[in-house]
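Chemist: Here it is, the structure in full.
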Amino acid sequence: MTITTINPATEKILKRYKHMSKKQVLGILKATKQAQSKWKILPIKKRASYFLKLAKTLRKHKKQWGKLMTLEMGKPITEAEAEIEKCAWTAEVYAQNAEKWLKEETVKADGYKHRVKYEPLGVILSIMPWNFPFWQALRFGIPGLLAGNTSILKHASPTTGCGLAIEQAFKKAGFPKNVFRT
């Protein structure tokens with residue numbers, strides 16, 4: 001079985017992708033779970049440094065991935081490149097603020113002291129739509145990853161190439177293996 005991506009403007013077939021087997025999917029799940037055990041213990045500053053590299057990687061490939069987005073889902077190229085830029089900016093904002101936003105807090109309520117602590121949950125699955133293929137995936141993925149989780153993306157079939165490109169962005173930015181998978 002295959003997934004076929006089609007240019008909506010020309011109806012031309014762009015690419016055919018093989019479906020992953022159940023065994024492949026379970027292997028990815030196992031690998032992201034193993035990666036999470038190491039990722040979650042990295043200091044937030046270290047995790048944040050990867051996202052600054054991700055922002056640079058996104059900008060470096062903005063034209064290439066913007067064109068892919070345009071071909072797969074018909075978004076005007078200026079909007080596609082702006083979407084990539086917005087993702088890069090988001091990576092920077094979260095990287096610059098993660099330590100402050102995830103800092104443990106002590107609060108008083110009902111006459112008692114309480115502690116608010118943010119802890120990673122594990123592997124998070126995201127199932128994303130086609131209409132903002134980079135933005136939807138990264139606005140979800142960036143905060144979760146910074147908090148120490150790992151992520152698996154199940155992208156919409158019409159934008160399979162974009163989903164795979166997002167995984168490549170994480171690899172090119174130097175993230176540890178299996179922290180983010182598509």
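Here's how to read the names in the structure tokens: chain A, B, ... by the order shown, residue numbers from 1 in each chain, ligand numbers from 1 in the order shown.
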Would you pick out the contacts of A:Ala88 at 6 Å or less, using only C-alpha atoms, so that residues sharing its chain but fewer than 2 positions from it are not included, and give the list as a list in words?

Modeler: Ala55, Leu58, Glu85, Lys86, Thr90 and Ala91 of chain A

Chemist: Using only C-alpha atoms, determine which residues lie at most 9 Å from stretch 59-66 of chain A, disregarding the query and same-chain residues fewer than 5 positions distant; provide the list as a list in words.

Modeler: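 Non-adjacent residues within range: Leu54, Leu71, Lys75, Pro76, Ile77, Thr78, Glu79, Ala80, Glu81, Ala82, Glu83, Ile84, Glu85, Ala88, Cys162, Ala165, Ile166 and Ala169 of chain A.
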
Chemist: Determine, for each residue of stretch 26-71 of chain A having at least one atom at most 12 Å from an atom of stretch 3-6 of chain A, the closest pair of atoms and their separation in Å to one decimal, counting only C-alpha atoms; order by chain and ascending number, as JSON lines.

Modeler:
```
{"residue": "A:Leu68", "atom": "CA", "partner": "A:Thr5", "partner_atom": "CA", "distance": 10.8}
{"residue": "A:Met69", "atom": "CA", "partner": "A:Thr5", "partner_atom": "CA", "distance": 11.2}
{"residue": "A:Thr70", "atom": "CA", "partner": "A:Ile6", "partner_atom": "CA", "distance": 11.0}
{"residue": "A:Leu71", "atom": "CA", "partner": "A:Ile6", "partner_atom": "CA", "distance": 7.9}
```

Chemist: Report as a PyMOL selection string all protein, DNA and RNA residues lying within 12 Å of A:Gly27, evaluated on only C-alpha atoms, omitting residues in the same chain fewer than 5 positions from it.

Modeler: chain A and resi 20-22+32-34+152+178+181

Chemist: Write out as a list in words the residues lying within 8 Å of A:Ala173, counting only C-alpha atoms and excluding same-chain residues fewer than 5 positions away.

Modeler: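 Near A:Ala173, the qualifying residues are Tyr50, Phe51, Lys53, Leu54, Lys56 and Thr57 of chain A.
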
Chemist: Restricting it to N, CA, C and O atoms, dump the selection as a CSV table (one decimal), in the first residue's frame.

Modeler:
```
chain,number,residue,atom,x,y,z
A,50,TYR,N,19.4,23.2,21.4
A,50,TYR,CA,19.0,22.5,20.2
A,50,TYR,C,18.0,23.2,19.4
A,50,TYR,O,18.0,23.2,18.1
A,51,PHE,N,17.1,23.9,20.1
A,51,PHE,CA,16.0,24.7,19.4
A,51,PHE,C,16.5,25.9,18.7
A,51,PHE,O,16.0,26.4,17.7
A,53,LYS,N,19.4,25.9,17.2
A,53,LYS,CA,19.9,25.3,16.0
A,53,LYS,C,18.8,24.9,15.0
A,53,LYS,O,18.9,25.0,13.8
A,54,LEU,N,17.7,24.5,15.6
A,54,LEU,CA,16.5,24.2,14.7
A,54,LEU,C,16.0,25.4,14.0
A,54,LEU,O,15.7,25.3,12.8
A,56,LYS,N,17.8,27.9,13.1
A,56,LYS,CA,18.7,28.2,12.0
A,56,LYS,C,18.5,27.2,10.8
A,56,LYS,O,18.6,27.6,9.7
A,57,THR,N,18.3,26.0,11.1
A,57,THR,CA,18.1,25.0,10.1
A,57,THR,C,16.8,25.3,9.3
A,57,THR,O,16.8,25.2,8.1
```

Chemist: Stretch 17-60 of chain A near stretch 129-149 of chain A within 8 Å: what's each residue's closest atom pair and its distance in Å to one decimal, counting only C-alpha atoms, ordered by chain then ascending residue number, as JSON lines?

Modeler:
```
{"residue": "A:Gln36", "atom": "CA", "partner": "A:Asn149", "partner_atom": "CA", "distance": 6.1}
{"residue": "A:Trp39", "atom": "CA", "partner": "A:Gly148", "partner_atom": "CA", "distance": 6.0}
{"residue": "A:Lys40", "atom": "CA", "partner": "A:Gly148", "partner_atom": "CA", "distance": 4.1}
{"residue": "A:Ile41", "atom": "CA", "partner": "A:Gly148", "partner_atom": "CA", "distance": 7.4}
{"residue": "A:Leu42", "atom": "CA", "partner": "A:Gly148", "partner_atom": "CA", "distance": 7.9}
{"residue": "A:Ile44", "atom": "CA", "partner": "A:Leu146", "partner_atom": "CA", "distance": 7.0}
{"residue": "A:Arg47", "atom": "CA", "partner": "A:Leu146", "partner_atom": "CA", "distance": 6.1}
{"residue": "A:Ala48", "atom": "CA", "partner": "A:Leu146", "partner_atom": "CA", "distance": 6.4}
{"residue": "A:Phe51", "atom": "CA", "partner": "A:Ile142", "partner_atom": "CA", "distance": 7.9}
```

Chemist: Using only N, CA, C and O atoms, please write the residues we just selected to a file, as an mmCIF file, in the first residue's frame.

Modeler:
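Here's the written file out_34.cif:
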```cif
data_model
loop_
_atom_site.group_PDB
_atom_site.id
_atom_site.type_symbol
_atom_site.label_atom_id
_atom_site.label_comp_id
_atom_site.auth_asym_id
_atom_site.auth_seq_id
_atom_site.Cartn_x
_atom_site.Cartn_y
_atom_site.Cartn_z
ATOM 1 N N GLN A 36 13.725 9.195 25.082
ATOM 2 C CA GLN A 36 13.142 10.085 26.085
ATOM 3 C C GLN A 36 13.794 9.916 27.443
ATOM 4 O O GLN A 36 13.956 10.883 28.181
ATOM 5 N N TRP A 39 16.780 12.147 27.053
ATOM 6 C CA TRP A 39 16.406 13.528 26.725
ATOM 7 C C TRP A 39 15.862 14.260 27.954
ATOM 8 O O TRP A 39 16.194 15.405 28.195
ATOM 9 N N LYS A 40 15.033 13.581 28.744
ATOM 10 C CA LYS A 40 14.372 14.241 29.874
ATOM 11 C C LYS A 40 15.350 14.663 30.974
ATOM 12 O O LYS A 40 15.045 15.563 31.752
ATOM 13 N N ILE A 41 16.526 14.017 31.047
ATOM 14 C CA ILE A 41 17.465 14.373 32.114
ATOM 15 C C ILE A 41 18.466 15.451 31.679
ATOM 16 O O ILE A 41 19.241 15.932 32.506
ATOM 17 N N LEU A 42 18.429 15.823 30.408
ATOM 18 C CA LEU A 42 19.285 16.936 29.978
ATOM 19 C C LEU A 42 18.804 18.220 30.644
ATOM 20 O O LEU A 42 17.593 18.445 30.749
ATOM 21 N N ILE A 44 17.545 21.900 31.037
ATOM 22 C CA ILE A 44 16.702 22.678 30.123
ATOM 23 C C ILE A 44 17.557 23.556 29.206
ATOM 24 O O ILE A 44 17.264 23.674 28.010
ATOM 25 N N ARG A 47 18.722 21.424 26.357
ATOM 26 C CA ARG A 47 17.628 21.141 25.418
ATOM 27 C C ARG A 47 17.308 22.383 24.602
ATOM 28 O O ARG A 47 17.114 22.313 23.386
ATOM 29 N N ALA A 48 17.284 23.532 25.249
ATOM 30 C CA ALA A 48 16.967 24.788 24.555
ATOM 31 C C ALA A 48 17.982 25.093 23.459
ATOM 32 O O ALA A 48 17.617 25.627 22.400
ATOM 33 N N PHE A 51 17.086 23.940 20.054
ATOM 34 C CA PHE A 51 16.021 24.666 19.362
ATOM 35 C C PHE A 51 16.537 25.927 18.676
ATOM 36 O O PHE A 51 15.980 26.355 17.670
#
```

Chemist: Can you list, as a list of chain:residue names, every residue of stretch 47-163 of chain A that DSSP puts in strand (DSSP E or B)?

Modeler: A:Glu105, A:Thr106, A:Val107, A:Lys108, A:Ala109, A:Tyr112, A:Lys113, A:His114, A:Arg115, A:Val116, A:Val123, A:Ile124, A:Leu125, A:Ser126, A:Ile127, A:Thr150, A:Ser151, A:Ile152, A:Leu153, A:Lys154

Chemist: What gap, in Å, lies between atom CA of A:Gln168 and atom CA of A:Lys12?

Modeler: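 Between atom CA of A:Gln168 and atom CA of A:Lys12 the gap works out to 24.5 Å.
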